[in-house]
Amino acid sequence: MYLKRTFTFDAAHNLIHYHGKCEALHGHTYRLAVTLKGRLDSEGMVLDFVELKTIVNDIVLSRLDHAYLNDILEQPTAEHIARWIWQELNPHLSRPNCELHEIEVWETASSSVIIHREDLTAVRE
Ligand SMILES: [Zn+2]
């Protein structure tokens, strides 16, 4: 069974070695979806939605919201942001009955990237 929760955060960035609108400093309202895959626990849950919200807030949103993303990532594309979120959240969401399945990061309402476990090595330079 899959369990998903979405979040938003506001952040600024500028992309280097890039010629387009994202080259200059600007901000986005990013949307994040965290999806877990797992079995039901004794309480009938994959993971308590409230606990998932607390983990995502504490581990990633507290650092990304209203931040300058270039302070965290050298090239803060949606792809790199998604990979960073995966790496930060994964240790906190690996449980006996569930694991992180998918991270999706929308940079705009119409554009997103999706990352799964098997993509981690594929996107590493
Ligand atoms: Zn941008």
# chains A, B, ... in the order shown; residues from 1 in each chain; ligands from 1

call {"tool": "closest_atom_pairs", "arguments": {"of": "region 56-84 of chain A", "to": "region 93-116 of chain A", "cutoff": "9 Å", "atoms": "only C-alpha atoms", "output": "Markdown table"}}
result
| residue | atom | partner | partner_atom | distance |
| --- | --- | --- | --- | --- |
| A:Thr77 | CA | A:Glu107 | CA | 8.7 |
| A:Ala78 | CA | A:Glu107 | CA | 6.3 |
| A:Glu79 | CA | A:Val113 | CA | 6.1 |
| A:Ile81 | CA | A:Val105 | CA | 7.6 |
| A:Ala82 | CA | A:Val105 | CA | 5.9 |
| A:Arg83 | CA | A:Ile115 | CA | 6.9 |

call {"tool": "residues_near_ligand", "arguments": {"ligand": "ligand 1", "cutoff": "12 Å", "atoms": "only C-alpha atoms and all ligand atoms", "output": "short mmCIF file (atom, residue, chain, number, x, y, z; two decimals) with N, CA and C atoms, in the first residue's frame"}}
result
data_model
loop_
_atom_site.label_atom_id
_atom_site.label_comp_id
_atom_site.auth_asym_id
_atom_site.auth_seq_id
_atom_site.Cartn_x
_atom_site.Cartn_y
_atom_site.Cartn_z
N ASP A 10 8.67 27.70 0.36
CA ASP A 10 9.14 28.83 -0.46
C ASP A 10 10.64 28.93 -0.30
N ALA A 11 11.31 29.06 -1.45
CA ALA A 11 12.77 29.16 -1.37
C ALA A 11 13.30 29.92 -2.57
N ALA A 12 14.51 30.46 -2.41
CA ALA A 12 15.17 31.20 -3.48
C ALA A 12 16.34 30.38 -4.01
N HIS A 13 16.66 30.59 -5.27
CA HIS A 13 17.85 29.96 -5.85
C HIS A 13 18.28 30.72 -7.09
N ASN A 14 19.47 30.42 -7.54
CA ASN A 14 19.89 30.78 -8.89
C ASN A 14 20.80 29.68 -9.39
N LEU A 15 20.65 29.38 -10.68
CA LEU A 15 21.39 28.27 -11.26
C LEU A 15 22.63 28.79 -11.97
N ILE A 16 23.73 28.08 -11.78
CA ILE A 16 24.98 28.48 -12.42
C ILE A 16 25.17 27.70 -13.72
N TYR A 18 23.94 28.26 -16.52
CA TYR A 18 22.62 28.05 -17.09
C TYR A 18 22.16 29.37 -17.67
N HIS A 19 21.64 29.35 -18.88
CA HIS A 19 21.19 30.57 -19.52
C HIS A 19 19.68 30.50 -19.69
N GLY A 20 18.98 31.11 -18.78
CA GLY A 20 17.52 31.11 -18.80
C GLY A 20 17.03 31.88 -17.60
N LYS A 21 15.74 31.82 -17.37
CA LYS A 21 15.16 32.61 -16.28
C LYS A 21 15.71 32.24 -14.91
N CYS A 22 16.12 31.01 -14.72
CA CYS A 22 16.60 30.56 -13.41
C CYS A 22 18.07 30.92 -13.16
N GLU A 23 18.69 31.66 -14.08
CA GLU A 23 20.08 32.06 -13.87
C GLU A 23 20.17 33.17 -12.82
N ALA A 24 19.20 34.09 -12.80
CA ALA A 24 19.20 35.19 -11.84
C ALA A 24 18.51 34.76 -10.55
N LEU A 25 18.87 35.42 -9.46
CA LEU A 25 18.26 35.09 -8.16
C LEU A 25 16.76 35.33 -8.19
N HIS A 26 16.01 34.34 -7.73
CA HIS A 26 14.54 34.42 -7.71
C HIS A 26 14.01 33.33 -6.80
N GLY A 27 12.71 33.30 -6.62
CA GLY A 27 12.13 32.30 -5.74
C GLY A 27 11.05 31.47 -6.41
N HIS A 28 10.77 30.33 -5.80
CA HIS A 28 9.67 29.47 -6.22
C HIS A 28 8.89 29.05 -4.99
N THR A 29 7.60 28.77 -5.17
CA THR A 29 6.87 28.01 -4.18
C THR A 29 6.91 26.57 -4.64
N TYR A 30 7.78 25.81 -4.00
CA TYR A 30 7.94 24.40 -4.37
C TYR A 30 6.85 23.57 -3.71
N TYR A 68 17.90 30.18 1.10
CA TYR A 68 18.59 30.36 -0.18
C TYR A 68 19.21 29.01 -0.50
N LEU A 69 18.64 28.31 -1.46
CA LEU A 69 18.99 26.90 -1.68
C LEU A 69 20.45 26.70 -2.09
N ASN A 70 21.07 27.74 -2.67
CA ASN A 70 22.49 27.61 -3.04
C ASN A 70 23.39 27.46 -1.82
N GLN A 75 24.18 23.41 -7.03
CA GLN A 75 23.33 23.66 -8.20
C GLN A 75 21.92 23.21 -7.86
N PRO A 76 21.13 24.09 -7.26
CA PRO A 76 19.82 23.66 -6.72
C PRO A 76 18.72 23.56 -7.78
N THR A 77 18.91 22.62 -8.69
CA THR A 77 17.82 22.27 -9.61
C THR A 77 16.80 21.43 -8.85
N ALA A 78 15.62 21.30 -9.42
CA ALA A 78 14.60 20.44 -8.78
C ALA A 78 15.14 19.01 -8.65
N GLU A 79 15.95 18.57 -9.61
CA GLU A 79 16.52 17.22 -9.57
C GLU A 79 17.44 17.05 -8.35
N ILE A 81 17.47 18.95 -5.65
CA ILE A 81 16.67 19.14 -4.43
C ILE A 81 15.97 17.82 -4.08
N TRP A 106 7.84 19.67 -7.23
CA TRP A 106 7.35 20.57 -8.27
C TRP A 106 8.04 21.92 -8.11
N GLU A 107 8.68 22.38 -9.17
CA GLU A 107 9.27 23.72 -9.14
C GLU A 107 8.22 24.76 -9.54
N THR A 108 7.31 24.35 -10.41
CA THR A 108 6.15 25.18 -10.74
C THR A 108 4.94 24.25 -10.72
N SER A 111 5.56 21.63 -13.52
CA SER A 111 6.85 20.96 -13.76
C SER A 111 7.36 20.32 -12.48
#

call {"tool": "decode", "arguments": {"residues": "region 93-105 of chain A", "atoms": "N, CA and C atoms", "output": "PDB file, in the first residue's frame"}}
result
ATOM      1  N   LEU A  93      12.719   7.174   7.541  1.00  0.00           N
ATOM      2  CA  LEU A  93      11.489   6.551   7.048  1.00  0.00           C
ATOM      3  C   LEU A  93      11.688   5.085   6.682  1.00  0.00           C
ATOM      4  N   SER A  94      12.802   4.515   7.095  1.00  0.00           N
ATOM      5  CA  SER A  94      13.044   3.081   6.889  1.00  0.00           C
ATOM      6  C   SER A  94      12.597   2.354   8.147  1.00  0.00           C
ATOM      7  N   ARG A  95      11.453   1.713   8.057  1.00  0.00           N
ATOM      8  CA  ARG A  95      10.837   1.059   9.215  1.00  0.00           C
ATOM      9  C   ARG A  95      10.640  -0.422   8.918  1.00  0.00           C
ATOM     10  N   PRO A  96      10.369  -1.215   9.955  1.00  0.00           N
ATOM     11  CA  PRO A  96      10.114  -2.643   9.706  1.00  0.00           C
ATOM     12  C   PRO A  96       8.967  -2.866   8.725  1.00  0.00           C
ATOM     13  N   ASN A  97       7.961  -1.983   8.742  1.00  0.00           N
ATOM     14  CA  ASN A  97       6.789  -2.213   7.890  1.00  0.00           C
ATOM     15  C   ASN A  97       6.695  -1.281   6.694  1.00  0.00           C
ATOM     16  N   CYS A  98       7.628  -0.314   6.561  1.00  0.00           N
ATOM     17  CA  CYS A  98       7.512   0.594   5.416  1.00  0.00           C
ATOM     18  C   CYS A  98       8.850   1.214   5.065  1.00  0.00           C
ATOM     19  N   GLU A  99       8.893   1.785   3.862  1.00  0.00           N
ATOM     20  CA  GLU A  99      10.106   2.464   3.406  1.00  0.00           C
ATOM     21  C   GLU A  99       9.715   3.598   2.474  1.00  0.00           C
ATOM     22  N   LEU A 100      10.657   4.517   2.278  1.00  0.00           N
ATOM     23  CA  LEU A 100      10.444   5.607   1.332  1.00  0.00           C
ATOM     24  C   LEU A 100      10.341   5.031  -0.074  1.00  0.00           C
ATOM     25  N   HIS A 101       9.328   5.460  -0.812  1.00  0.00           N
ATOM     26  CA  HIS A 101       9.120   4.934  -2.167  1.00  0.00           C
ATOM     27  C   HIS A 101       9.390   5.977  -3.236  1.00  0.00           C
ATOM     28  N   GLU A 102       8.940   7.215  -2.998  1.00  0.00           N
ATOM     29  CA  GLU A 102       9.044   8.227  -4.054  1.00  0.00           C
ATOM     30  C   GLU A 102       9.076   9.620  -3.455  1.00  0.00           C
ATOM     31  N   ILE A 103       9.912  10.472  -4.058  1.00  0.00           N
ATOM     32  CA  ILE A 103       9.922  11.903  -3.757  1.00  0.00           C
ATOM     33  C   ILE A 103       9.598  12.627  -5.054  1.00  0.00           C
ATOM     34  N   GLU A 104       8.624  13.534  -4.999  1.00  0.00           N
ATOM     35  CA  GLU A 104       8.315  14.361  -6.159  1.00  0.00           C
ATOM     36  C   GLU A 104       8.431  15.814  -5.732  1.00  0.00           C
ATOM     37  N   VAL A 105       9.143  16.608  -6.518  1.00  0.00           N
ATOM     38  CA  VAL A 105       9.326  18.033  -6.243  1.00  0.00           C
ATOM     39  C   VAL A 105       8.853  18.824  -7.444  1.00  0.00           C
TER      40      VAL A 105
END
